[in-house]
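Here is the file data-v2.csv (CSV, C-alpha atoms).
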```csv
chain,number,residue,atom,x,y,z
A,1,MET,CA,-11.1,48.1,14.2
A,2,SER,CA,-10.9,47.6,17.9
A,3,THR,CA,-8.6,45.0,19.4
A,4,THR,CA,-11.6,43.3,20.9
A,5,GLN,CA,-13.4,43.0,17.5
A,6,SER,CA,-10.2,41.8,15.9
A,7,GLU,CA,-9.6,39.2,18.5
A,8,ARG,CA,-13.3,38.1,18.4
A,9,LEU,CA,-13.2,37.8,14.6
A,10,ARG,CA,-9.9,35.8,14.7
A,11,GLU,CA,-11.3,33.5,17.4
A,12,LEU,CA,-14.4,33.0,15.3
A,13,LEU,CA,-12.8,32.5,11.9
A,14,GLU,CA,-9.5,30.9,12.5
A,15,PRO,CA,-10.9,27.4,13.4
A,16,LEU,CA,-12.8,27.4,10.1
A,17,VAL,CA,-9.7,28.3,8.1
A,18,SER,CA,-7.5,25.9,10.0
A,19,SER,CA,-9.9,23.1,9.4
A,20,LYS,CA,-9.1,23.4,5.7
A,21,ASP,CA,-5.4,23.1,6.4
A,22,LEU,CA,-4.9,26.9,5.7
A,23,ASP,CA,-3.5,29.7,7.8
A,24,LEU,CA,-5.4,32.8,8.7
A,25,GLU,CA,-2.8,35.5,7.9
A,26,GLU,CA,-4.7,38.7,8.3
A,27,ILE,CA,-8.1,40.2,9.2
A,28,GLU,CA,-8.9,43.9,8.4
A,29,VAL,CA,-12.2,45.8,8.7
A,30,ALA,CA,-12.2,49.0,6.6
A,31,SER,CA,-14.8,51.6,5.9
A,32,VAL,CA,-15.4,52.3,2.2
A,33,GLY,CA,-17.9,55.2,2.1
A,34,ARG,CA,-20.9,54.1,4.1
A,35,LYS,CA,-20.1,50.4,3.8
A,36,ARG,CA,-17.6,48.3,5.6
A,37,VAL,CA,-15.3,45.7,4.1
A,38,LEU,CA,-14.0,42.7,6.0
A,39,ARG,CA,-10.8,41.5,4.3
A,40,VAL,CA,-9.5,38.1,5.2
A,41,VAL,CA,-6.1,36.8,3.9
A,42,ILE,CA,-5.4,33.1,3.9
A,43,ASP,CA,-2.4,31.1,2.8
A,44,SER,CA,-0.7,27.7,3.1
A,45,ASP,CA,2.8,26.2,2.5
A,46,GLU,CA,1.6,25.3,-1.0
A,47,GLY,CA,-0.3,28.6,-1.6
A,48,VAL,CA,-4.0,28.8,-2.2
A,49,ASP,CA,-6.0,28.5,-5.4
A,50,LEU,CA,-9.3,30.1,-6.4
A,51,ASP,CA,-11.3,27.1,-5.5
A,52,GLU,CA,-9.9,27.1,-1.9
A,53,ILE,CA,-10.6,30.8,-1.6
A,54,ALA,CA,-14.2,30.4,-2.8
A,55,GLU,CA,-14.7,27.5,-0.4
A,56,VAL,CA,-13.3,29.4,2.6
A,57,SER,CA,-15.3,32.5,1.6
A,58,ARG,CA,-18.6,30.5,1.7
A,59,ALA,CA,-17.8,29.0,5.0
A,60,LEU,CA,-16.8,32.3,6.6
A,61,SER,CA,-19.8,34.0,5.2
A,62,GLU,CA,-22.1,31.4,6.7
A,63,LYS,CA,-20.4,31.6,10.1
A,64,LEU,CA,-20.5,35.4,10.1
A,65,ASP,CA,-24.2,35.3,9.2
A,66,GLU,CA,-24.9,33.1,12.3
A,67,THR,CA,-23.2,35.6,14.7
A,68,ASP,CA,-23.2,39.4,15.4
A,69,ALA,CA,-19.4,39.6,15.1
A,70,MET,CA,-19.7,42.3,12.4
A,71,GLY,CA,-22.4,44.2,14.2
A,72,GLU,CA,-25.4,45.7,12.5
A,73,GLY,CA,-25.3,47.1,9.0
A,74,GLU,CA,-24.1,45.8,5.7
A,75,TYR,CA,-20.5,44.7,5.0
A,76,THR,CA,-18.7,43.0,2.1
A,77,LEU,CA,-16.5,40.0,2.8
A,78,GLU,CA,-13.3,39.7,0.7
A,79,VAL,CA,-11.2,36.6,1.0
A,80,GLY,CA,-7.8,36.4,-0.8
A,81,SER,CA,-4.2,35.4,-0.7
A,82,PRO,CA,-1.2,37.5,0.5
A,83,GLY,CA,-0.3,38.3,-3.1
A,84,ALA,CA,3.0,38.2,-5.1
A,85,GLU,CA,4.8,40.9,-3.0
A,86,ARG,CA,3.7,39.4,0.3
A,87,PRO,CA,5.1,40.8,3.6
A,88,LEU,CA,7.2,38.3,5.6
A,89,LYS,CA,6.4,38.5,9.2
A,90,GLU,CA,6.1,35.0,10.7
A,91,HIS,CA,8.7,32.3,10.6
A,92,ARG,CA,6.5,30.3,8.3
A,93,HIS,CA,6.4,33.2,5.8
A,94,PHE,CA,10.2,33.1,5.5
A,95,VAL,CA,10.1,29.3,5.0
A,96,ARG,CA,7.5,29.6,2.3
A,97,ALA,CA,9.7,32.2,0.6
A,98,THR,CA,12.8,30.0,0.4
A,99,ASP,CA,14.5,30.3,-3.0
A,100,ARG,CA,12.7,33.6,-3.6
A,101,LEU,CA,14.2,37.1,-3.8
A,102,ALA,CA,13.2,39.4,-0.9
A,103,ARG,CA,13.8,43.0,0.2
A,104,PHE,CA,14.8,43.4,3.8
A,105,TRP,CA,14.7,46.6,5.8
A,106,LEU,CA,17.3,46.2,8.5
A,107,THR,CA,17.1,47.4,12.1
A,108,PRO,CA,19.4,50.2,13.2
A,109,ASP,CA,21.4,47.7,15.3
A,110,ALA,CA,22.1,45.8,12.0
A,111,GLY,CA,23.3,48.9,10.2
A,112,GLY,CA,19.9,50.0,8.9
A,113,GLY,CA,19.2,50.4,5.2
A,114,GLU,CA,17.8,47.9,2.7
A,115,LEU,CA,19.1,44.6,1.4
A,116,VAL,CA,17.8,42.6,-1.5
A,117,ALA,CA,18.8,38.9,-1.4
A,118,ARG,CA,17.6,35.4,-2.2
A,119,ILE,CA,16.5,33.3,0.8
A,120,LEU,CA,18.4,30.0,0.7
A,121,LYS,CA,17.7,28.5,4.1
A,122,VAL,CA,15.7,29.3,7.2
A,123,ASP,CA,16.2,28.1,10.7
A,124,ASP,CA,15.0,29.2,14.2
A,125,GLU,CA,17.5,32.0,14.5
A,126,GLY,CA,17.6,33.5,11.0
A,127,LEU,CA,18.3,33.2,7.3
A,128,ASP,CA,21.1,32.2,5.0
A,129,LEU,CA,21.0,34.5,2.0
A,130,GLU,CA,22.6,34.9,-1.4
A,131,VAL,CA,23.2,38.6,-2.2
A,132,PRO,CA,23.3,39.0,-6.0
A,133,GLY,CA,26.4,40.4,-7.5
A,134,VAL,CA,26.4,43.8,-9.1
A,135,LYS,CA,27.9,44.6,-12.5
A,136,GLY,CA,29.2,41.1,-13.3
A,137,ARG,CA,30.5,40.4,-9.7
A,138,LYS,CA,29.7,37.0,-8.1
A,139,ALA,CA,26.9,36.6,-5.6
A,140,THR,CA,27.9,36.6,-1.9
A,141,SER,CA,26.6,34.7,1.0
A,142,ARG,CA,25.2,36.4,4.1
A,143,ARG,CA,23.6,35.3,7.4
A,144,LEU,CA,20.8,37.5,8.7
A,145,ALA,CA,19.3,37.0,12.2
A,146,PHE,CA,15.5,37.6,12.6
A,147,THR,CA,16.3,40.2,15.2
A,148,ASP,CA,18.1,42.2,12.5
A,149,ILE,CA,15.0,42.4,10.3
A,150,ALA,CA,12.7,45.4,10.8
A,151,LYS,CA,10.5,44.5,7.8
A,152,ALA,CA,10.7,42.2,4.8
A,153,ARG,CA,8.8,41.6,1.6
A,154,VAL,CA,9.0,39.2,-1.3
A,155,GLU,CA,10.2,40.8,-4.5
A,156,ILE,CA,8.7,40.0,-7.9
A,157,GLU,CA,11.2,38.5,-10.4
A,158,PHE,CA,10.3,38.7,-14.1
A,159,SER,CA,13.5,37.4,-15.7
A,160,ARG,CA,14.9,34.8,-13.3
A,161,LYS,CA,16.5,31.9,-15.0
A,162,SER,CA,15.5,28.5,-13.5
A,163,LYS,CA,18.3,26.4,-12.0
A,164,SER,CA,19.3,23.4,-14.0
A,165,ALA,CA,19.6,19.9,-12.3
A,166,GLU,CA,23.4,20.3,-12.5
A,167,ASP,CA,23.3,23.7,-10.7
A,168,ILE,CA,21.1,22.2,-7.9
A,169,GLU,CA,23.4,19.2,-7.5
A,170,ASN,CA,26.5,21.4,-7.3
A,171,ALA,CA,24.8,23.6,-4.7
A,172,GLU,CA,23.9,20.6,-2.6
A,173,GLU,CA,27.4,19.2,-2.7
A,174,ALA,CA,29.0,22.6,-1.5
```
Re-express the file's structure as C-alpha cells.
Amino acid sequence: MSTTQSERLRELLEPLVSSKDLDLEEIEVASVGRKRVLRVVIDSDEGVDLDEIAEVSRALSEKLDETDAMGEGEYTLEVGSPGAERPLKEHRHFVRATDRLARFWLTPDAGGGELVARILKVDDEGLDLEVPGVKGRKATSRRLAFTDIAKARVEIEFSRKSKSAEDIENAEEA
C-alpha cells in the first residue's frame, strides 16, 4: 500500500475510531488472490471487546462506502484487536503491558540479544523490569531505556500465579 493511501485511510478512519475512545493501532491493505483485504487494528487502555469491534466495523464500513479511499473493486474489511502477543511499539503499548511478561530484542548498543522480563513500571525514558530467576534463583531488577529496545512483544503466560494482596502490599512498601 502506498504511503499516500495509508495516510489517506488513517486520516479518514482515525477520527471515527477516536470518537469511540479507542486507538487506531494499525492499517494494512493486503492482496488475497484477486481480492483485497483492509485490516484495521484497534485498542484501548482497557482492551476492546467484540461489541466494540462490531460497532467500529460498521462505522468504518459506512465511511469507506461514502468515499473512494479504497479505489475501485471489491475488498473485505477486517477489524480486530492486536491479539495476545501484541507488538509493543508506542509508549502507550508499554503502559498497557504493565505487569505482563514481554520479550525484548535489544539494540546492538545495549548488547544485542533477547531479554524476557516482566514490565513493572513505565515512565518517559524507559521501563523498570523484573527478570525471572532461572533454576530456583531469585528474580532480579533491571532498568531498560526505550532507546535500548529494537523490538518488543508481549509473551503469553499459561501458568502465572496471581499475586496475593500481601505480595502486592509488600511490593508497594519496598
(message) Could you list, as a ChimeraX atom specification, every residue within 8 Å of Arg118 in chain A, counting all atoms listed in the file and ignoring same-chain residues fewer than 5 positions away?
(response) /A:98-102,129-132
(request) For Arg142 in chain A, please output as a ChimeraX atom specification all residues within 12 Å (counting all atoms listed in the file; exclusion window: fewer than 2 positions along the same chain). (result) /A:115-121,126-132,139-140,144-145
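Atom pair CA of Gly33 in chain A / CA of Met70 in chain A: separated by 16.6 Å.
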(request) In Å, rounded to a single decimal, give me how far CA of Thr147 in chain A is from CA of Lys89 in chain A. (result)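 Going from CA of Lys89 in chain A over to CA of Thr147 in chain A covers 11.7 Å.
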(request) May I have the residues at most 12 Å from (-21.0, 31.4, 9.7) in the file's coordinates, counting only C-alpha atoms, as a list in words? (result)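 Selection result: Leu9, Leu12, Leu13, Glu14, Pro15, Leu16, Val17, Val56, Ser57, Arg58, Ala59, Leu60, Ser61, Glu62, Lys63, Leu64, Asp65, Glu66, Thr67, Asp68, Ala69, Met70 and Leu77 of chain A.
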(message) Report, in Å with one decimal, the straight-line distance from CA of Asp148 in chain A to CA of Phe104 in chain A.
(response)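 Interatomic distance here is 9.4 Å.
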